[in-house]
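J.: Have a look at the structure that comes next, please.
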Amino acid sequence: MTHACDRYQSQLPDHLDALLSTEDAETLEVHLESCAACRAAQMRAVALRDALYRPYDVDPLPDALRARIELAATQSRPARPVLLLRYAASFAAGVLVTLALTTGRADAVSSSPSVDEPTRAETPDPQPAIGVPMTPATPLRRIR
């Protein structure tokens with residue numbers, strides 16, 4: 001097999017799917033007429049493609065089962081109030097947590113510091129060192 005055969009064999013999938021240009025397809029077909037190795041590769045590629053696209057051999061559904069499936073698919077189901085209640089409870093819990101975290105902290109949401117306030121770089125960090133427990137008397141740090 002030559003370097004040309006490698007090139008032609010790499011074009012076989014595109015040729016089988018009719019993706020090659022007319023000129024490339026004609027050149028490949030001429031080569032396939034004269035090269036037994038490439039013809040064998042083409043036959044293997046065709047067999048593989050046919051095996052992949054062949055529908056599976058499956059037994060049909062029994063009539064009773066098919067009727068049950070069709071009946072279940074056409075029946076309308078009532079809305080699930082339990083699921084709706086769960087979503088509502090989750091939403092309410094989220095709102096309550098958000099309110100609990102932000103109540104009394106309206107000053108923490110200001111968009112820009114006032115002119116009188118020192119910037120973050122000028123003020124010492126009120127957080128204690130790592131490993132030192134915070135006490136209730138420790139002031140909360142302002143969020144910017």
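Ligands are numbered from 1 in the order shown, chains are lettered A, B, ... in the order of the structure tokens, and residues start at 1 in each chain.
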Which residues are close to region 44-53 of chain A, i.e. within 8 Å by only C-alpha atoms, leaving aside same-chain residues fewer than 6 positions away? Reply as an MDAnalysis selection string.
T.: chainID A and resid 12:13 16
J.: Using N, CA and C atoms, can you export the residues from the last selection as a PDB file, in the first residue's frame?
T.:
ATOM      1  N   LEU A  12     -12.497   7.603   1.801  1.00  0.00           N
ATOM      2  CA  LEU A  12     -13.596   6.650   1.627  1.00  0.00           C
ATOM      3  C   LEU A  12     -14.858   7.024   2.417  1.00  0.00           C
ATOM      4  N   PRO A  13     -14.785   7.399   3.693  1.00  0.00           N
ATOM      5  CA  PRO A  13     -16.023   7.757   4.396  1.00  0.00           C
ATOM      6  C   PRO A  13     -16.759   8.923   3.729  1.00  0.00           C
ATOM      7  N   LEU A  16     -18.459   7.624   0.603  1.00  0.00           N
ATOM      8  CA  LEU A  16     -19.674   6.850   0.889  1.00  0.00           C
ATOM      9  C   LEU A  16     -20.841   7.756   1.265  1.00  0.00           C
TER      10      LEU A  16
END
J.: Just to confirm, what's the straight-line distance from CA of Asp24 (chain A) to CA of Asp6 (chain A) in Å (one decimal)?
T.: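 A separation of 14.5 Å between them.
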J.: Using only C-alpha atoms, which residues sit within 12 Å of Ser10 (chain A) once same-chain residues fewer than 6 positions away are excluded, as an MDAnalysis selection string?
T.: chainID A and resid 3:4 16 20 28 38 41:42 45
J.: How would the residues just chosen look if you wrote them out with C-alpha atoms as a CSV table (one decimal), in the first residue's frame?
T.:
chain,number,residue,atom,x,y,z
A,3,HIS,CA,1.1,6.9,0.4
A,4,ALA,CA,-1.5,7.5,-2.3
A,16,LEU,CA,-19.7,6.9,0.9
A,20,LEU,CA,-16.5,14.5,-2.1
A,28,LEU,CA,-11.0,7.9,-6.2
A,38,CYS,CA,-8.4,0.1,-1.5
A,41,ALA,CA,-11.0,-1.2,2.4
A,42,GLN,CA,-14.1,0.3,0.6
A,45,ALA,CA,-16.3,0.6,5.1
J.: Report the distance between CA of Tyr87 (chain A) and CA of Thr103 (chain A) in Å, rounded to one decimal place.
T.: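 Atom-to-atom, CA of Tyr87 (chain A) and CA of Thr103 (chain A) are spaced 24.2 Å apart.
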J.: Separation of CA of Ile69 (chain A) and CA of Val82 (chain A), in Å?
T.: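 Between CA of Ile69 (chain A) and CA of Val82 (chain A) the gap is 25.5 Å.
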